[in-house]
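Trainee: Take this structure, written in structure tokens, and hold onto it; I'll ask about it next.
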Amino acid sequence: MGFETYSARGKILILKRFLEKSKPFTKELIENYYLCSACGYCKQVCPTEIDLPELFVTIRSKIVEEGLVSPKVRDFLECIYKYGNPWGESRNRRDEWAKDTEITQYNPSHEFLYHVGCVGSYDTRAQDMAKALSDVLLKSGVSFGILGAKENCDGNEVNQLGEKGLFELLANSNIQLFKDLKVRKIITLSPHAYNAMKNEYPKFGGNFEAMHYTQLLRDIIKSGKLELSKGFSAKLRVTYHDPCFLGRWNREYSAPREILNAIPNVELVEMGRNKENAFCCGGGSGNFYTDFLGGTENSPSRIRIREAYETGAKILAVSCPSCLIMLEDALKVEGLEGKMTMKDISEIVKDVIF
Amino acid sequence: MSVDQAYAELVNIFGHKNVLREKEEIQQYCLDIYSRTEQKPALVVKPESTKQLSRLFSVAERYELHITPRGSGFDPAMGSMSNNGIIVDLTRLNQVLAVDEEKHNATVQSGINFKSLSTVLASKGFSLGIEPVASSEATIGGFIATHGVGYGSIEHGSILNIVRDLEIVLSDGSIVQTGLKDVPSYATGYDLTRLLIGSEGTLGVITETTLSIFPKPERATNIAFTFSDIKVGADISKEISRNTSTLSSAFIMDGSLMETLQTGSMKVSHEGFLGVLRLEGTKEVVDLEASFTKKVCGSPLHPEVGNRIWNSRFLYPLVKARETPVLVDDYILPTDKNTYAYHKLEDITAKYGLKSSFYSLQISMDSNLSVFIFYTDGSSEAHIAREELESSILSLSGKPCSAGLRRKAAMKKASPGSLDLLKKIQGVFDRENLLNPEKLVL
Amino acid sequence: MSITLFDSLVGIVGEKNVSNKEMDLICYSSDIAPLPETIVSTYGIKMPSVVVRPQNPDQISAILKLANEKSVPVTPRAGASSAMGGCLPIDGGIVLDMTSMDSIISIDEEGMKATAQAGVTFQKLLQELEKRNVKPGTYPTSSPSATIGGYISNGGCAGIGAPKYGPISSQILQLEVVLPDGEILLVNSPYSSLFAGAEGTLGVITQAVLRIYPIPESFVALAYGFDNLTFACDGLKKLLEFGIMPNSLTFMDKFFLETICELGLDFPKHEIVACLTLEGNKHLVAAQEKAIDKIFSGGKKLDPAFAMEEWNRKYKTELLIKRAGPTIILIEASVPIIKLKEAVNRLREVNEKLGLKASFYGIMGYGGSMLTMPIVLTDERMEEDYFNTLLSTLKMMSVIISTGGVIYTVGLHNCIFMGLIHNEKKLEIMKSLKKKFDPYGILNPGKLTECRMAWLTSLIK
């Protein structure tokens, strides 16, 4: 919706011209490549099926190598390196959200490692989501544990931002830690972690059975281990937003929907742009922190909130902590508090079973 | 006198019998066929070929005589009449030049009328797809020049979609082929063919055209029904058009027009209105949709009556049979305003103590071609009534089908941007300002 | 560039809708065709000095008035999904990015019409209309980028829906246009036809009222493989003869299919593969399918799953072959179907003689025409080779014209063929029309009737 320069086509064209004519990169040119949430839609629509997201990561990695990243990106990366999270919060506070729960530290006797991720661990709103999922898992009798203060950033965003060196470090140290703890199966709260562990870690020798929590929850519900018959007291219209790293990147569109459809009195409606055409919340590629794409009434998250509201849904369901915080902020800015509620799927399931 | 000299030169070019000036000879060109209003041309020329026609213009220019092309003169706006200019009667250019059954097109001279053309096409298993409502003796050239719509438009649209190529003569005498031989000319620069459509003889004289033709449908069924409230007819028409794929014509007429319908011994009551729906297509689908249509109509008339009514569907014979002058106006109206327009006609007719007739043909999902007829004995009431009705129709977003001589102001009000545009284009095509300078352009 | 022009434009559209940043200017000086240095210098293509994103017709009117005053060229542009150079600002000046004007104003399902701004993409229009169970008639295979204003301006008589619903210009009920002198006009059909195919040289289309259609009861995708060009072309001719108008029909030739398969996709390998879709009343569609099976009996009926997949991939297939390039030169020509076989054979001769890697992709158009696109694989990094290949493609176009085909969209690159297609008098009329509407020659100069590359024709011989 802005100048074409910022579209995928524009990004490539100007890079080509600058390289052809050996022009020095300007600050604005560099910033252009960070105006991207790694949603993957460009790859999907490209008739020539070029792996544009990978190309953009390569471009960003060159920018990182040359030391030309903007201060916000630099801060993001430095904090992750030093503290394992982008906000520079203490590592010791990583599992504070789990303080009053019955969750235990992961050990090899657990079936699953529950990887919470940075957003779920430190953001107050996302912590509700982390807690809700753990409550549901505990109620279902799933055998799992968390790494607590030992948990480190999964690195997906670091990779997307082009800091290949740091990503390699994170991946290797995570893989070593998991191997030491004899981790076999991992459930992630965030689709970003799911993507990194499923698709990138194997390249570094980390072969674990990574699943997103909605996939496990769906199986649990199917097997009858969770009693959902209570459902909601009245018919409730819900719409679901596909997170890019679960949906487009990993083609998982059905698990979250199967969960929602299994709840009595849920009327699931789709937004115009759904599944592989879902419109990104704008939080990917570190943008939930850097917020390069935000700031106007037509930021991705505000557009998406309006789209969700148009369906008449009372609840906008998500399955990603980044989506949750991006869209909840947008909901407030759009003045829709009270008219529509943001809920993560684990929160919805929790509401029904407790 | 310059007209005498012009006459002499024209006789040289066209031959004695093709240049008319005597009162008796030009009588039919002076009187409007509907209202019998007089508008006298200086001369009438009847070319026998395009080349011959092209030689007219230098003469006209020298003697400062403007030119009005004419087909059969069915335009209610008197577009083919001339005040002291030269009328070019194109009806001698009436040959079918080629019918290409492979490419589905036919090349004809513009002065051929629909009756002759359909006969030739029918003998080869084709039809033209659309035809005028006034008369089958209207010419194809006139239909093109007035952006013709009519029977079949629900299926095929207007003549805009049917014309593939035109041969025209410009006011400098040059003969131009506006289109391309075997391919559509929409993406090869400015589409000159399309510019001529609806240009009402102000840009050039249409002498030949290549048109799309359509294989005759396997099955055609005419379903006629009567009704007393005009809204009922409108609702039926709407429902059928929304739920069938084979509807090609849907029209209604009021009782006064039914009086002169030729239904032979199978009389139809003249109370209320008559509606006719024609379905064309494959046997299977038409039969299916026909039974649906009959159900919606309630109690349709005998199929033979439907066929006879279809065979006498042209308006001009129905009106002429009354043998009084009439003021006729045709408009394109939004379908949902059509009923209001009819009621306006009723009110105004009563107000001035006149007699009137109403006819309406659906031409697309949202528009109708409606004809309003006032019967007149020459008194001024009919003209006043006509003007009042025109105002109402314009306020209902109606638009006259042609501007001609009589309806320029109405056309300007209904479609101001279009007229301004045509004015600009005319400056390019007709630099000598010879063609219909009084028409269309205010 | 004088500061006052920039400031004036900021005054008209606001600061965030104007840019003279180098990277923006670079982006807006291109369409989807590559533009290596040789082309730029040969054609004398300048960089634009500013890009503007107008929000409404009044702003465009003010911009055009200003442009006339200061003799600055203005080039309208939206999706730029054409390869004919029609939206290249070759004389520099102002580029008018129409994509801000992307609202659908109203959808009238009773009256079967939709009103939308010129910058709405056909994909967006399709999606919105689909919600109400209606659809546009004709739309291009570049619908994700192509806009209403662009498709109308470029002629729009080939694409999805074209054989059945006709050219886009017959679906226009009304256009809102800003003339080069700044006047804003509302023009009804048939007079709106002036701007259809005028390629942004007579006015800037800002809004259109288009006819829409109910989504038909039945929709079916079919595909046939032919091992003989004659059988394929004869089949197509019979389709016309029988008056069977598919909703869409595309064809791919052997070289195209082989190249795609080499790229790792699983396409059936035949001399010609034709994919088509039918829509309409249930019985009609069934009857049409039966008839087509008979008409195409010279070929093999392919798996309907493949046909459906091709329909779902309709926006992509044509350009898939670019992976084998890495550059492609796409020629677009409208060939009468009755002459298709001859045209393809003659093109293959040229192809062989000149040693080109050309394949064919076709999209059926209106009125018995086939938008035939010879796609030539090349590499723009090899500048001299690329230029020679480009010249060869120009030769291919003249061969097509000699077999009775014509160019499809004039733009910049096809101007040189106007004299082959139209006679002197017609060209004179077109030039006069242009002069009448744009006396100062500021709107999209150097295109359509204003050919500057006539000398290229001598190179083609």
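Order determines the names: the first chain of the structure tokens is A, the second B, and so forth; residues in each chain are numbered 1 upward, and ligands are numbered 1 upward as they are shown.
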Which residues come within 12 Å of Thr104 in chain A, counting only C-alpha atoms, excluding same-chain residues fewer than 6 positions away, as a list in words?

Mentor: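 Residues near the query, excluding close chain neighbours: Asp95, Ala98, His110, Phe112, Leu113, Tyr114, Ser134, Leu138, Ser143, Phe144, Gly145, Ile146, Leu147 and Gly148 of chain A.
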
Trainee: Please provide as a list of chain:residue names all residues within 12 Å of Ile12 in chain A, with the sequence filter that same-chain residues fewer than 5 positions apart are discarded (counting only C-alpha atoms).

Mentor: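 Near neighbours after the sequence-gap exclusion: A:Glu4, A:Thr5, A:Tyr6, A:Ser7, A:Arg17, A:Phe18, A:Leu19, A:Leu29, A:Asn32, A:Tyr33, A:Cys42, A:Ile50, A:Leu52, A:Pro53, A:Leu55, A:Phe56, A:Ile59, C:Met23, C:Ile26, C:Cys27, C:Ile32.
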
Trainee: From a backbone DSSP assignment, name each residue in range 97-215 of chain A labelled strand (DSSP E), as an NGL selection string.

Mentor: :A and (112-115 or 144-145 or 185-188 or 209-212)

Trainee: Counting only C-alpha atoms, which residues of chain B fall within 8 Å of chain C, and what is the closest atom pair for each with its distance in Å at one decimal, ordered by chain and rising number, as a tab-separated table?

Mentor:
residue	atom	partner	partner_atom	distance
B:Glu101	CA	C:Glu241	CA	7.3
B:Glu102	CA	C:Glu241	CA	5.5
B:Lys103	CA	C:Glu241	CA	7.0
B:His104	CA	C:Glu241	CA	7.1
B:His147	CA	C:Pro190	CA	7.3
B:Leu160	CA	C:Ser170	CA	7.0
B:Asn161	CA	C:Ser170	CA	6.3
B:Val176	CA	C:Lys425	CA	7.1
B:Thr178	CA	C:Lys426	CA	7.2
B:Leu180	CA	C:Ile421	CA	7.9
B:Lys181	CA	C:Gly404	CA	7.9
B:Asp182	CA	C:Pro336	CA	6.0
B:Val183	CA	C:Pro336	CA	5.7
B:Pro184	CA	C:Gly367	CA	6.4
B:Tyr186	CA	C:Gly155	CA	4.9
B:Ala187	CA	C:Gly155	CA	4.2
B:Thr188	CA	C:Thr409	CA	5.6
B:Gly189	CA	C:Gly197	CA	6.1
B:Tyr190	CA	C:Ala198	CA	5.3
B:Asp191	CA	C:Leu194	CA	6.7
B:Leu192	CA	C:Leu194	CA	7.9
B:Arg194	CA	C:Ser193	CA	6.0
B:Leu195	CA	C:Leu194	CA	6.3
B:Ile197	CA	C:Pro190	CA	6.8
B:Gly198	CA	C:Pro190	CA	6.7
B:Phe214	CA	C:Gly243	CA	7.5
B:Pro215	CA	C:Gly243	CA	7.1
B:Ser245	CA	C:Asn281	CA	6.9
B:Thr282	CA	C:Leu284	CA	7.8
B:Glu284	CA	C:His283	CA	7.5
B:Val285	CA	C:His283	CA	6.6
B:Met365	CA	C:Gly111	CA	5.7
B:Asp366	CA	C:Gly111	CA	4.3
B:Ser367	CA	C:Gly111	CA	8.0
B:Ser415	CA	C:Asn188	CA	7.0
B:Pro416	CA	C:Leu186	CA	7.8
B:Gly417	CA	C:Val187	CA	5.1
B:Ser418	CA	C:Val187	CA	4.9
B:Leu421	CA	C:Tyr191	CA	7.5
B:Leu422	CA	C:Tyr191	CA	7.4
B:Lys424	CA	C:Lys436	CA	7.2
B:Ile425	CA	C:Leu433	CA	6.9
B:Val428	CA	C:Ser432	CA	6.1
B:Phe429	CA	C:Ile429	CA	7.2

Trainee: Using only C-alpha atoms and a distance of at most 8 Å, pull out the residues of chain A that contact chain C, as a count of residues only.

Mentor: 16

Trainee: For the alpha helix (DSSP H) assignment from backbone DSSP, which residues of range 198-276 of chain C qualify? Please present them as a list of chain:residue names.

Mentor: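 Residues of range 198-276 of chain C classed as alpha helix (DSSP H): C:Leu229, C:Thr230, C:Phe231, C:Ala232, C:Cys233, C:Asp234, C:Gly235, C:Leu236, C:Lys237, C:Lys238, C:Leu239, C:Leu240, C:Glu241, C:Lys254, C:Phe255, C:Phe256, C:Leu257, C:Glu258, C:Thr259, C:Ile260, C:Cys261, C:Glu262.
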
Trainee: Between C:Leu125, C:Met308, C:Ile148, C:Ile331, single out the one closest to Tyr361 in chain C, counting only C-alpha atoms.

Mentor: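 Looking at the shortest contact to Tyr361 in chain C, the residue is C:Ile331.
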
Trainee: Within 12 Å of His343 in chain B, counting only C-alpha atoms, which residues show up once you throw out same-chain ones fewer than 6 positions away? Write them as number ranges by chain, please.

Mentor: B: 229-231, 337, 349-350, 356-358, 372, 389, 392-393

Trainee: Taking N, CA and C atoms for each residue, export the selection above as a PDB file, in the first residue's frame.

Mentor:
ATOM      1  N   ASP B 229     -51.441  -5.475 -13.275  1.00  0.00           N
ATOM      2  CA  ASP B 229     -50.659  -4.477 -12.554  1.00  0.00           C
ATOM      3  C   ASP B 229     -49.235  -4.511 -13.098  1.00  0.00           C
ATOM      4  N   ILE B 230     -48.760  -3.345 -13.504  1.00  0.00           N
ATOM      5  CA  ILE B 230     -47.454  -3.327 -14.161  1.00  0.00           C
ATOM      6  C   ILE B 230     -46.344  -3.882 -13.277  1.00  0.00           C
ATOM      7  N   LYS B 231     -46.507  -3.745 -11.971  1.00  0.00           N
ATOM      8  CA  LYS B 231     -45.470  -4.239 -11.080  1.00  0.00           C
ATOM      9  C   LYS B 231     -45.335  -5.761 -11.202  1.00  0.00           C
ATOM     10  N   LYS B 337     -36.543   1.680 -12.073  1.00  0.00           N
ATOM     11  CA  LYS B 337     -37.276   2.954 -12.137  1.00  0.00           C
ATOM     12  C   LYS B 337     -38.371   2.871 -13.206  1.00  0.00           C
ATOM     13  N   THR B 349     -50.709  11.646 -18.991  1.00  0.00           N
ATOM     14  CA  THR B 349     -51.740  11.377 -20.007  1.00  0.00           C
ATOM     15  C   THR B 349     -53.099  11.850 -19.515  1.00  0.00           C
ATOM     16  N   ALA B 350     -53.387  11.513 -18.264  1.00  0.00           N
ATOM     17  CA  ALA B 350     -54.674  11.926 -17.689  1.00  0.00           C
ATOM     18  C   ALA B 350     -54.738  13.441 -17.557  1.00  0.00           C
ATOM     19  N   SER B 356     -52.206   7.503 -24.723  1.00  0.00           N
ATOM     20  CA  SER B 356     -50.785   7.147 -24.839  1.00  0.00           C
ATOM     21  C   SER B 356     -50.607   5.639 -24.864  1.00  0.00           C
ATOM     22  N   SER B 357     -49.430   5.207 -25.220  1.00  0.00           N
ATOM     23  CA  SER B 357     -49.078   3.787 -25.192  1.00  0.00           C
ATOM     24  C   SER B 357     -47.716   3.615 -24.563  1.00  0.00           C
ATOM     25  N   PHE B 358     -47.508   2.424 -24.016  1.00  0.00           N
ATOM     26  CA  PHE B 358     -46.256   2.153 -23.319  1.00  0.00           C
ATOM     27  C   PHE B 358     -45.726   0.786 -23.722  1.00  0.00           C
ATOM     28  N   PHE B 372     -42.321   5.523 -25.037  1.00  0.00           N
ATOM     29  CA  PHE B 372     -43.505   6.261 -24.583  1.00  0.00           C
ATOM     30  C   PHE B 372     -44.127   6.943 -25.794  1.00  0.00           C
ATOM     31  N   LEU B 389     -42.984  14.736 -19.519  1.00  0.00           N
ATOM     32  CA  LEU B 389     -42.576  13.342 -19.305  1.00  0.00           C
ATOM     33  C   LEU B 389     -41.061  13.214 -19.418  1.00  0.00           C
ATOM     34  N   SER B 392     -39.372  14.153 -16.262  1.00  0.00           N
ATOM     35  CA  SER B 392     -39.504  13.122 -15.227  1.00  0.00           C
ATOM     36  C   SER B 392     -38.550  11.980 -15.492  1.00  0.00           C
ATOM     37  N   ILE B 393     -38.483  11.574 -16.747  1.00  0.00           N
ATOM     38  CA  ILE B 393     -37.638  10.415 -17.058  1.00  0.00           C
ATOM     39  C   ILE B 393     -36.168  10.724 -16.829  1.00  0.00           C
TER      40      ILE B 393
END
